[in-house]
Amino acid sequence: MHCTFKTFHVGAGDCITLLLQNDNKEIHILVDCGKFTTEVKDYICQKFCKRIDYLIVTHFDNDHINGIIAMLDAMPDLTIYHILYNCYQRTSEHLEQWDDKMIENVKRLYGRLPVVVDMLENKINAESSGTLADLILTNESWKNAWRREYITSETEPIELGENMGRLRFLSPNQEALNKLDKEYRKLFWQKLYKKKEADYKKEETIYEALMRIMLENEKVVEKHSVSATDLDEDAFLKYADESLNPLTDSNEASIAFVWEHDSHKILFCGDASPKVVSDKVKDVYADLPKPIVFDAIKVSHHGSAHSTSKEQLSVVDSEHYFVTGGAKVRPSFQALSRIVTAQLPQGVTNREIRFNRNNEVLKTLNNTETLKEKFHFTVVANCNEYELSC
Ligand SMILES: [Zn+2]
């Protein structure tokens, strides 16, 4: 079989495809979409022939969800067989209607959905659209494709069939989802001015809206500035040693998973926690020597300073790291230094950092010839495809 992993340049966000081919069978997987660009659209139309077998929305941050909203809006004829998207999970089948007061309050809420801002250019790309939940629920076929149980690290692996491997889930844990649920009940009370006592029709859409509005308000600005001359070996090693801050609740709740087939594995970290991911990897692949060398790794959270840990590198490693999206200061030197200063696993002589756009951070790193030689890594921008045959 043949596997093509591809990341797309969608501004600050993520958009990743996995095309699996065996004889004349194909499986099409789309993971997140921050911006529905022409390149993404062409790929979905031409390579995916307007069919997505698995649509995986890792979490509801704007930079992962907005392109999906735009895509479903623009392509109502898109065939989707499975949607994996953790949103509100009903606990009862008796759903209440929205009363007039609630309709009014939800309408007000929609008006506050974040506008789509390109973090790189700092300009508004689109006025706020509706929610993804609403789009899915109003299309009968997509609604049926939406898997309603939460995806967690305890979810049974999904067998893809046709000898094309399986999806194995590593994150989130139930605790992270419970935390969001608690937050949701609080927000419901604050913004809809009533206690959440029942489950409502299309409540998923209220959940998504409240969460996205909340997230927009809690964005943390990461800053660091380093010039090429500052970046010597000592500075680099110091970055690797910096302590990690906790992630936001929504990133903690991000789906992370592995596509695996025989001995081949690709790790999709979403924006997930490095601890949750590596603990689960240790558990799932208990018999394999560590670090486990993956064919490719999609680095967590656009390479931010707190989502790749040294400890994680002792559990998972790869020759091919893909860093995607992020604002100007991403990827961070902290994440990059943790990756490249970790001891090379057996059989790996060089690590390649691929980034789906060029920027100052990458240029700086690419100019440090001594570091590249010492730690055996290369930096490649705009080289977004990775293929393997097995
Ligand atoms: Zn993100």
# chains A, B, ... in the order shown; residues from 1 in each chain; ligands from 1
call {"tool": "residues_near_ligand", "arguments": {"ligand": "ligand 1", "cutoff": "10 Å", "atoms": "only C-alpha atoms and all ligand atoms", "output": "PDB file with N, CA and C atoms, in the first residue's frame"}}
result
ATOM      1  N   ALA A  12      -2.113  30.630  10.150  1.00  0.00           N
ATOM      2  CA  ALA A  12      -1.668  30.246  11.488  1.00  0.00           C
ATOM      3  C   ALA A  12      -2.135  28.845  11.891  1.00  0.00           C
ATOM      4  N   GLY A  13      -3.016  28.255  11.090  1.00  0.00           N
ATOM      5  CA  GLY A  13      -3.654  27.005  11.523  1.00  0.00           C
ATOM      6  C   GLY A  13      -3.058  25.740  10.929  1.00  0.00           C
ATOM      7  N   ASP A  14      -3.788  24.656  11.156  1.00  0.00           N
ATOM      8  CA  ASP A  14      -3.390  23.348  10.662  1.00  0.00           C
ATOM      9  C   ASP A  14      -4.326  22.884   9.551  1.00  0.00           C
ATOM     10  N   ASP A  32      -8.308  18.615  10.487  1.00  0.00           N
ATOM     11  CA  ASP A  32      -8.367  20.061  10.707  1.00  0.00           C
ATOM     12  C   ASP A  32      -8.277  20.866   9.410  1.00  0.00           C
ATOM     13  N   GLY A  34      -7.643  25.179   8.985  1.00  0.00           N
ATOM     14  CA  GLY A  34      -7.706  26.531   9.539  1.00  0.00           C
ATOM     15  C   GLY A  34      -8.233  27.543   8.534  1.00  0.00           C
ATOM     16  N   THR A  58      -9.598  18.108  15.495  1.00  0.00           N
ATOM     17  CA  THR A  58      -8.893  17.776  16.748  1.00  0.00           C
ATOM     18  C   THR A  58      -9.460  18.542  17.937  1.00  0.00           C
ATOM     19  N   HIS A  59      -9.873  19.792  17.723  1.00  0.00           N
ATOM     20  CA  HIS A  59     -10.496  20.601  18.778  1.00  0.00           C
ATOM     21  C   HIS A  59     -11.037  21.867  18.124  1.00  0.00           C
ATOM     22  N   PHE A  60     -11.743  22.706  18.900  1.00  0.00           N
ATOM     23  CA  PHE A  60     -12.474  23.773  18.222  1.00  0.00           C
ATOM     24  C   PHE A  60     -11.808  25.144  18.246  1.00  0.00           C
ATOM     25  N   ASP A  61     -10.489  25.158  18.287  1.00  0.00           N
ATOM     26  CA  ASP A  61      -9.816  26.447  18.120  1.00  0.00           C
ATOM     27  C   ASP A  61     -10.015  26.915  16.678  1.00  0.00           C
ATOM     28  N   ASN A  62     -10.158  28.245  16.542  1.00  0.00           N
ATOM     29  CA  ASN A  62     -10.362  28.834  15.222  1.00  0.00           C
ATOM     30  C   ASN A  62      -9.417  28.332  14.139  1.00  0.00           C
ATOM     31  N   ASP A  63      -8.154  28.204  14.523  1.00  0.00           N
ATOM     32  CA  ASP A  63      -7.146  27.874  13.515  1.00  0.00           C
ATOM     33  C   ASP A  63      -7.194  26.401  13.094  1.00  0.00           C
ATOM     34  N   HIS A  64      -8.140  25.651  13.658  1.00  0.00           N
ATOM     35  CA  HIS A  64      -8.298  24.251  13.258  1.00  0.00           C
ATOM     36  C   HIS A  64      -9.668  24.002  12.629  1.00  0.00           C
ATOM     37  N   ILE A  65     -10.584  24.940  12.871  1.00  0.00           N
ATOM     38  CA  ILE A  65     -11.976  24.661  12.534  1.00  0.00           C
ATOM     39  C   ILE A  65     -12.533  25.565  11.422  1.00  0.00           C
ATOM     40  N   SER A 250      -8.651  23.926  26.051  1.00  0.00           N
ATOM     41  CA  SER A 250      -9.061  23.372  24.754  1.00  0.00           C
ATOM     42  C   SER A 250      -7.918  22.578  24.128  1.00  0.00           C
ATOM     43  N   ASN A 251      -6.678  23.020  24.298  1.00  0.00           N
ATOM     44  CA  ASN A 251      -5.570  22.240  23.759  1.00  0.00           C
ATOM     45  C   ASN A 251      -5.408  20.922  24.510  1.00  0.00           C
ATOM     46  N   SER A 254      -7.446  18.364  23.000  1.00  0.00           N
ATOM     47  CA  SER A 254      -7.210  18.091  21.581  1.00  0.00           C
ATOM     48  C   SER A 254      -7.047  16.593  21.322  1.00  0.00           C
ATOM     49  N   GLY A 270      -2.007  17.031  16.929  1.00  0.00           N
ATOM     50  CA  GLY A 270      -2.985  18.109  17.115  1.00  0.00           C
ATOM     51  C   GLY A 270      -2.328  19.239  17.900  1.00  0.00           C
ATOM     52  N   ASP A 271      -3.019  19.750  18.911  1.00  0.00           N
ATOM     53  CA  ASP A 271      -2.402  20.735  19.810  1.00  0.00           C
ATOM     54  C   ASP A 271      -2.272  20.121  21.204  1.00  0.00           C
ATOM     55  N   ALA A 272      -2.172  18.790  21.241  1.00  0.00           N
ATOM     56  CA  ALA A 272      -2.307  18.061  22.512  1.00  0.00           C
ATOM     57  C   ALA A 272      -1.106  18.194  23.442  1.00  0.00           C
ATOM     58  N   SER A 300       3.162  19.050  17.994  1.00  0.00           N
ATOM     59  CA  SER A 300       1.983  19.619  18.650  1.00  0.00           C
ATOM     60  C   SER A 300       1.980  21.153  18.643  1.00  0.00           C
ATOM     61  N   HIS A 301       0.779  21.693  18.556  1.00  0.00           N
ATOM     62  CA  HIS A 301       0.517  23.117  18.757  1.00  0.00           C
ATOM     63  C   HIS A 301       1.496  24.055  18.042  1.00  0.00           C
ATOM     64  N   HIS A 302       1.701  23.788  16.753  1.00  0.00           N
ATOM     65  CA  HIS A 302       2.489  24.682  15.903  1.00  0.00           C
ATOM     66  C   HIS A 302       3.905  24.911  16.452  1.00  0.00           C
ATOM     67  N   GLY A 303       4.392  23.945  17.233  1.00  0.00           N
ATOM     68  CA  GLY A 303       5.747  24.073  17.780  1.00  0.00           C
ATOM     69  C   GLY A 303       5.852  25.072  18.910  1.00  0.00           C
ATOM     70  N   SER A 304       4.783  25.260  19.678  1.00  0.00           N
ATOM     71  CA  SER A 304       4.846  26.240  20.778  1.00  0.00           C
ATOM     72  C   SER A 304       5.764  25.736  21.885  1.00  0.00           C
ATOM     73  N   THR A 324       3.607  22.990  11.671  1.00  0.00           N
ATOM     74  CA  THR A 324       2.599  23.626  10.819  1.00  0.00           C
ATOM     75  C   THR A 324       2.051  24.892  11.470  1.00  0.00           C
ATOM     76  N   GLY A 325       1.761  25.873  10.636  1.00  0.00           N
ATOM     77  CA  GLY A 325       1.052  27.073  11.078  1.00  0.00           C
ATOM     78  C   GLY A 325       1.759  27.857  12.170  1.00  0.00           C
ATOM     79  N   GLY A 326       0.961  28.468  13.035  1.00  0.00           N
ATOM     80  CA  GLY A 326       1.528  29.266  14.124  1.00  0.00           C
ATOM     81  C   GLY A 326       1.713  30.712  13.726  1.00  0.00           C
ATOM     82  N   ALA A 327       1.701  31.586  14.727  1.00  0.00           N
ATOM     83  CA  ALA A 327       1.932  33.002  14.463  1.00  0.00           C
ATOM     84  C   ALA A 327       3.431  33.230  14.211  1.00  0.00           C
TER      85      ALA A 327
END
call {"tool": "residues_around", "arguments": {"residues": "range 277-292 of chain A", "least_positions_apart": "5", "cutoff": "10 Å", "atoms": "only C-alpha atoms", "output": "JSON, numbers by chain"}}
result
{"A": [153, 154, 168, 169, 170, 171, 172, 173, 255, 256, 257, 258, 265, 267, 268, 269, 272, 300, 309, 311, 312, 313, 314, 315, 316, 317, 318, 343, 344, 345, 346]}
call {"tool": "residues_around", "arguments": {"residues": "Ala240 in chain A", "least_positions_apart": "6", "cutoff": "6 Å", "atoms": "only C-alpha atoms", "output": "MDAnalysis selection string"}}
result
chainID A and resid 334 337:338
call {"tool": "write_last_selection", "arguments": {"atoms": "N, CA and C atoms", "output": "PDB file, in the first residue's frame"}}
result
ATOM      1  N   GLN A 334      12.296  26.728  21.963  1.00  0.00           N
ATOM      2  CA  GLN A 334      12.216  25.713  23.024  1.00  0.00           C
ATOM      3  C   GLN A 334      11.850  24.355  22.432  1.00  0.00           C
ATOM      4  N   SER A 337      14.619  23.122  19.992  1.00  0.00           N
ATOM      5  CA  SER A 337      15.856  22.655  20.625  1.00  0.00           C
ATOM      6  C   SER A 337      15.629  21.325  21.333  1.00  0.00           C
ATOM      7  N   ARG A 338      14.430  21.131  21.919  1.00  0.00           N
ATOM      8  CA  ARG A 338      14.161  19.835  22.568  1.00  0.00           C
ATOM      9  C   ARG A 338      14.196  18.702  21.537  1.00  0.00           C
TER      10      ARG A 338
END
call {"tool": "closest_residue", "arguments": {"among": "A:His320, A:Arg185, A:Arg90, A:Arg330", "to": "Glu203 in chain A", "atoms": "only C-alpha atoms"}}
result
A:Arg90
call {"tool": "select_by_dssp", "arguments": {"residues": "range 25-198 of chain A", "states": "helix (DSSP H, G or I)", "output": "number ranges by chain"}}
result
A: 38-47, 62-74, 100-110, 132-137, 140-145, 174-192
call {"tool": "write_last_selection", "arguments": {"atoms": "C-alpha atoms", "output": "short mmCIF file (atom, residue, chain, number, x, y, z; two decimals), in the first residue's frame"}}
result
data_model
loop_
_atom_site.label_atom_id
_atom_site.label_comp_id
_atom_site.auth_asym_id
_atom_site.auth_seq_id
_atom_site.Cartn_x
_atom_site.Cartn_y
_atom_site.Cartn_z
CA THR A 38 -7.64 27.18 -3.18
CA GLU A 39 -4.86 24.64 -2.66
CA VAL A 40 -6.96 22.76 -0.08
CA LYS A 41 -10.05 22.96 -2.26
CA ASP A 42 -8.20 21.62 -5.32
CA TYR A 43 -6.81 18.75 -3.32
CA ILE A 44 -10.24 17.83 -1.90
CA CYS A 45 -11.78 17.98 -5.39
CA GLN A 46 -9.02 16.35 -7.41
CA LYS A 47 -7.17 13.92 -5.13
CA ASN A 62 -10.36 28.83 15.22
CA ASP A 63 -7.15 27.87 13.51
CA HIS A 64 -8.30 24.25 13.26
CA ILE A 65 -11.98 24.66 12.53
CA ASN A 66 -12.58 27.74 10.38
CA GLY A 67 -11.51 26.17 7.10
CA ILE A 68 -13.76 23.19 7.77
CA ILE A 69 -16.71 25.51 8.31
CA ALA A 70 -15.88 27.31 5.05
CA MET A 71 -15.45 23.99 3.22
CA LEU A 72 -18.82 22.55 4.35
CA ASP A 73 -20.46 25.85 3.56
CA ALA A 74 -18.99 25.93 0.04
CA ASP A 100 -37.99 32.63 22.85
CA LYS A 101 -35.66 34.02 25.47
CA MET A 102 -33.07 31.41 24.66
CA ILE A 103 -33.35 31.97 20.89
CA GLU A 104 -32.69 35.63 21.52
CA ASN A 105 -29.71 34.92 23.76
CA VAL A 106 -28.17 32.40 21.39
CA LYS A 107 -28.58 34.86 18.54
CA ARG A 108 -26.66 37.40 20.57
CA LEU A 109 -24.02 34.77 21.21
CA TYR A 110 -23.58 34.07 17.49
CA LEU A 132 -19.46 23.75 12.49
CA ALA A 133 -21.97 21.84 14.65
CA ASP A 134 -24.84 23.69 13.01
CA LEU A 135 -23.57 22.93 9.49
CA ILE A 136 -23.18 19.24 10.28
CA LEU A 137 -26.57 18.95 11.96
CA GLU A 140 -28.78 14.74 7.05
CA SER A 141 -25.89 12.74 5.62
CA TRP A 142 -23.18 14.59 7.58
CA LYS A 143 -25.32 14.37 10.69
CA ASN A 144 -25.37 10.59 10.35
CA ALA A 145 -21.62 10.56 9.79
CA GLN A 174 -11.69 12.03 29.90
CA GLU A 175 -10.50 14.47 32.54
CA ALA A 176 -9.77 17.14 29.94
CA LEU A 177 -13.24 16.73 28.43
CA ASN A 178 -14.89 16.88 31.84
CA LYS A 179 -13.07 20.11 32.55
CA LEU A 180 -14.50 21.67 29.39
CA ASP A 181 -17.94 20.38 30.26
CA LYS A 182 -17.76 22.07 33.65
CA GLU A 183 -16.61 25.27 32.00
CA TYR A 184 -19.50 25.00 29.56
CA ARG A 185 -22.12 24.79 32.31
CA LYS A 186 -20.67 27.89 33.89
CA LEU A 187 -20.68 29.79 30.59
CA PHE A 188 -24.21 28.62 29.84
CA TRP A 189 -25.36 30.22 33.07
CA GLN A 190 -23.40 33.42 32.44
CA LYS A 191 -24.27 33.96 28.79
CA LEU A 192 -27.71 32.42 28.44
#
call {"tool": "closest_residue", "arguments": {"among": "A:Thr79, A:Thr205, A:Asn217, A:Asn24", "to": "Pro114 in chain A", "atoms": "only C-alpha atoms"}}
result
A:Asn217
call {"tool": "closest_residue", "arguments": {"among": "A:His2, A:Lys201, A:Lys275, A:Arg166", "to": "Asn22 in chain A", "atoms": "only C-alpha atoms"}}
result
A:His2
call {"tool": "decode", "arguments": {"residues": "range 154-248 of chain A", "atoms": "C-alpha atoms", "output": "short mmCIF file (atom, residue, chain, number, x, y, z; two decimals), in the first residue's frame"}}
result
data_model
loop_
_atom_site.label_atom_id
_atom_site.label_comp_id
_atom_site.auth_asym_id
_atom_site.auth_seq_id
_atom_site.Cartn_x
_atom_site.Cartn_y
_atom_site.Cartn_z
CA GLU A 154 -9.62 5.06 25.77
CA THR A 155 -11.48 4.83 22.43
CA GLU A 156 -10.96 1.52 20.65
CA PRO A 157 -8.71 1.88 17.59
CA ILE A 158 -10.58 2.33 14.31
CA GLU A 159 -9.71 -0.35 11.77
CA LEU A 160 -9.64 1.29 8.35
CA GLY A 161 -10.11 -1.94 6.43
CA GLU A 162 -8.73 -2.88 2.96
CA ASN A 163 -5.40 -3.59 4.68
CA MET A 164 -4.76 0.13 5.18
CA GLY A 165 -4.04 0.11 8.88
CA ARG A 166 -5.82 1.72 11.81
CA LEU A 167 -6.22 4.92 13.78
CA ARG A 168 -5.16 4.68 17.41
CA PHE A 169 -6.14 7.51 19.75
CA LEU A 170 -3.79 8.94 22.37
CA SER A 171 -5.52 12.11 23.54
CA PRO A 172 -7.59 13.66 25.10
CA ASN A 173 -8.22 11.93 28.38
CA GLN A 174 -11.69 12.03 29.90
CA GLU A 175 -10.50 14.47 32.54
CA ALA A 176 -9.77 17.14 29.94
CA LEU A 177 -13.24 16.73 28.43
CA ASN A 178 -14.89 16.88 31.84
CA LYS A 179 -13.07 20.11 32.55
CA LEU A 180 -14.50 21.67 29.39
CA ASP A 181 -17.94 20.38 30.26
CA LYS A 182 -17.76 22.07 33.65
CA GLU A 183 -16.61 25.27 32.00
CA TYR A 184 -19.50 25.00 29.56
CA ARG A 185 -22.12 24.79 32.31
CA LYS A 186 -20.67 27.89 33.89
CA LEU A 187 -20.68 29.79 30.59
CA PHE A 188 -24.21 28.62 29.84
CA TRP A 189 -25.36 30.22 33.07
CA GLN A 190 -23.40 33.42 32.44
CA LYS A 191 -24.27 33.96 28.79
CA LEU A 192 -27.71 32.42 28.44
CA TYR A 193 -28.84 33.61 31.85
CA LYS A 194 -30.23 30.32 32.97
CA LYS A 195 -29.07 27.18 34.61
CA LYS A 196 -28.40 24.25 32.32
CA GLU A 197 -30.89 21.71 33.55
CA ALA A 198 -31.86 19.90 30.39
CA ASP A 199 -30.36 18.91 27.05
CA TYR A 200 -31.56 21.03 24.17
CA LYS A 201 -32.08 20.46 20.47
CA LYS A 202 -28.91 21.47 18.62
CA GLU A 203 -27.19 22.18 21.89
CA GLU A 204 -23.90 21.26 20.20
CA THR A 205 -24.01 24.54 18.37
CA ILE A 206 -24.36 26.54 21.64
CA TYR A 207 -21.50 24.55 23.12
CA GLU A 208 -19.21 25.24 20.18
CA ALA A 209 -20.11 28.93 20.08
CA LEU A 210 -19.52 29.45 23.82
CA MET A 211 -16.24 27.60 23.73
CA ARG A 212 -14.92 29.46 20.70
CA ILE A 213 -15.84 32.82 22.18
CA MET A 214 -14.18 31.90 25.46
CA LEU A 215 -11.03 30.67 23.76
CA GLU A 216 -10.67 33.82 21.76
CA ASN A 217 -10.59 35.77 25.01
CA GLU A 218 -7.99 33.65 26.68
CA LYS A 219 -5.36 33.70 23.92
CA VAL A 220 -1.90 34.01 25.41
CA VAL A 221 0.65 35.98 23.51
CA GLU A 222 3.99 34.25 23.37
CA LYS A 223 6.96 36.42 22.81
CA HIS A 224 10.59 35.81 22.36
CA SER A 225 13.12 37.40 20.14
CA VAL A 226 16.40 35.92 19.21
CA SER A 227 18.82 36.97 16.56
CA ALA A 228 21.00 34.54 14.74
CA THR A 229 24.05 35.71 16.65
CA ASP A 230 22.43 34.86 19.99
CA LEU A 231 21.71 31.34 19.00
CA ASP A 232 24.83 29.49 20.06
CA GLU A 233 24.98 26.04 21.56
CA ASP A 234 24.59 27.26 25.15
CA ALA A 235 21.54 29.37 24.39
CA PHE A 236 20.07 26.50 22.46
CA LEU A 237 20.54 24.01 25.27
CA LYS A 238 19.09 26.49 27.74
CA TYR A 239 15.92 26.75 25.65
CA ALA A 240 15.57 22.98 25.82
CA ASP A 241 15.73 23.13 29.63
CA GLU A 242 13.07 25.79 30.13
CA SER A 243 10.10 24.66 32.15
CA LEU A 244 6.72 24.02 30.55
CA ASN A 245 3.52 25.91 31.37
CA PRO A 246 0.17 24.18 31.37
CA LEU A 247 -1.76 24.27 28.09
CA THR A 248 -5.15 25.90 27.61
#
